[in-house]
Amino acid sequence: MDTHLIIGGTGKVGGRVADDLRNAGRPVRVATRKGGDVRFDWYEPATYAPALDDVEAVYLTGPGSSTDYSPLVSDFLAEAGRAGVRRVVLLSARAAIFQPEGVVARAEQAVRDSPVSWTILRPSWFAQNFTEGIFIPRDDTVTAPVGDGLEPFIDVADVAAVAAATLTGDQHDGETIDLSGPEAMTFAEAVAVVGEQAGRNLRFEAADPGDFALEMSNAGMTDLYVAWRMAMFEGIRDGHDAFLSDGVERVLGRPATTFAAWAAREAPSLRDPAGRP
């Protein structure tokens, strides 16, 4: 019983975790609603047991922060305990610090209360948000309600490597591990680095928090999701999210990847195919 189940294994982090485990010769089962090795749907409990069959460890990411998903996590991990799963690694977020009664913190508590040995990973904002996520430049502009606050962006490859390491060993069972890059920078500084590597004249514009929250609400996002996202932005804006964490070095025995090194590797994907600046 040594299969590693990756919930959300086609996602930004989960896909990299699956690749790292496969490269290490570990049996991997990717579980998603469609396109994985086994069908899994948080809202269909009948999909839990087949996904967990003959599984040793589970990489866990929730179905999103639009609702309180902690009861689903509790039910799933109860099933995991009955199936003999030995370890779960939860991808959490620093929102659990800034919103201690929020959905992310509730999911963490559900994991701690489960019958399975656990490790919780709390990364800072992903560097890949500039190339694969919400900070992809639009009209050469990145906008966020963060003012001139500092953020120690982390390379998702580092997060995945830590997840893979904690899935395959018990040295960090029962730990909540904070993860970050090795330096904190403003969004304006980060956008300048991305623009240099992408060969584009990118700029950052600080958004008004109230206007930004209203835009999210008008786009159909739930109140819970808006509150979670704005708590994360506030953590940057007020300076509380600028702290550095040594989790990558503690788990992997090497420094976390710098933002500059990440940008040199991945920001060229943003180059204009027509060669326009």
# chains A, B, ... in the order shown; residues from 1 in each chain; ligands from 1
call {"tool": "closest_atom_pairs", "arguments": {"of": "segment 203-254 of chain A", "to": "segment 148-170 of chain A", "cutoff": "12 Å", "atoms": "only C-alpha atoms", "output": "CSV"}}
result
residue,atom,partner,partner_atom,distance
A:Phe204,CA,A:Asp148,CA,10.2
A:Glu205,CA,A:Asp148,CA,10.0
A:Ala206,CA,A:Asp148,CA,7.9
A:Ala207,CA,A:Asp148,CA,10.9
A:Met232,CA,A:Glu151,CA,10.8
A:Phe233,CA,A:Gly149,CA,9.2
A:Glu234,CA,A:Gly149,CA,9.1
A:Gly235,CA,A:Gly149,CA,8.5
A:Ile236,CA,A:Gly149,CA,5.1
A:Arg237,CA,A:Gly149,CA,4.6
A:Asp238,CA,A:Gly149,CA,6.6
A:Gly239,CA,A:Gly149,CA,5.7
A:His240,CA,A:Leu150,CA,8.8
A:Asp241,CA,A:Glu151,CA,6.2
A:Ala242,CA,A:Glu151,CA,4.9
A:Phe243,CA,A:Pro152,CA,7.3
A:Leu244,CA,A:Pro152,CA,6.6
A:Ser245,CA,A:Pro152,CA,8.9
A:Asp246,CA,A:Pro152,CA,11.5
A:Gly247,CA,A:Val162,CA,8.3
A:Val248,CA,A:Val162,CA,6.5
A:Glu249,CA,A:Val162,CA,9.3
A:Arg250,CA,A:Val162,CA,9.4
A:Val251,CA,A:Val162,CA,6.3
A:Leu252,CA,A:Val162,CA,6.6
A:Gly253,CA,A:Val162,CA,10.3
A:Arg254,CA,A:Asp158,CA,10.1
call {"tool": "select_by_dssp", "arguments": {"residues": "segment 83-217 of chain A", "states": "alpha helix (DSSP H)", "output": "JSON, numbers by chain"}}
result
{"A": [95, 96, 97, 98, 103, 104, 105, 106, 107, 108, 109, 110, 111, 112, 129, 130, 131, 132, 156, 157, 158, 159, 160, 161, 162, 163, 164, 165, 166, 167, 187, 188, 189, 190, 191, 192, 193, 194, 195, 196, 197, 198, 209, 210, 211, 212, 213, 214, 215, 216, 217]}
call {"tool": "atom_distance", "arguments": {"atom1": "atom CA of Ala231 of chain A", "atom2": "atom CA of Ile97 of chain A"}}
result
9.5 Å
call {"tool": "closest_residue", "arguments": {"among": "A:Val55, A:Val28, A:Met216, A:Met230", "to": "Pro145 of chain A", "atoms": "only C-alpha atoms"}}
result
A:Met230
call {"tool": "atom_distance", "arguments": {"atom1": "atom CA of Gly174 of chain A", "atom2": "atom CA of Gly36 of chain A"}}
result
28.9 Å
call {"tool": "closest_residue", "arguments": {"among": "A:Asp140, A:Glu175, A:Glu183, A:Asp223", "to": "Gly102 of chain A", "atoms": "only C-alpha atoms"}}
result
A:Asp223
call {"tool": "select_by_dssp", "arguments": {"residues": "segment 71-263 of chain A", "states": "strand (DSSP E)", "output": "count of residues only"}}
result
29
call {"tool": "residues_around", "arguments": {"residues": "Ala51 of chain A", "least_positions_apart": "4", "cutoff": "8 Å", "atoms": "only C-alpha atoms", "output": "PyMOL selection string"}}
result
chain A and resi 5+31+38-40+47
call {"tool": "write_last_selection", "arguments": {"atoms": "C-alpha atoms", "output": "PDB file, in the first residue's frame"}}
result
ATOM      1  CA  LEU A   5      -3.118  10.120  -4.109  1.00  0.00           C
ATOM      2  CA  ALA A  31      -7.733  12.390  -8.673  1.00  0.00           C
ATOM      3  CA  VAL A  38      -9.489   8.333 -11.039  1.00  0.00           C
ATOM      4  CA  ARG A  39     -12.631  10.428 -10.824  1.00  0.00           C
ATOM      5  CA  PHE A  40     -12.993  12.435  -7.626  1.00  0.00           C
ATOM      6  CA  THR A  47     -16.048   8.896  -5.263  1.00  0.00           C
TER       7      THR A  47
END
call {"tool": "closest_residue", "arguments": {"among": "A:Pro209, A:Pro100, A:Pro71, A:Gly14", "to": "Asp113 of chain A", "atoms": "only C-alpha atoms"}}
result
A:Pro71
call {"tool": "residues_around", "arguments": {"residues": "Trp42 of chain A", "least_positions_apart": "6", "cutoff": "8 Å", "atoms": "only C-alpha atoms", "output": "ChimeraX atom specification"}}
result
/A:48,63,72
call {"tool": "residues_around", "arguments": {"residues": "Asn201 of chain A", "least_positions_apart": "2", "cutoff": "10 Å", "atoms": "only C-alpha atoms", "output": "number ranges by chain"}}
result
A: 140-141, 191-192, 194-196, 198-199, 203, 276-277
call {"tool": "atom_distance", "arguments": {"atom1": "atom CA of Val142 of chain A", "atom2": "atom CA of Asp178 of chain A"}}
result
26.2 Å
call {"tool": "residues_around", "arguments": {"residues": "Leu224 of chain A", "least_positions_apart": "6", "cutoff": "9 Å", "atoms": "only C-alpha atoms", "output": "NGL selection string"}}
result
:A and (65-68 or 102-103)
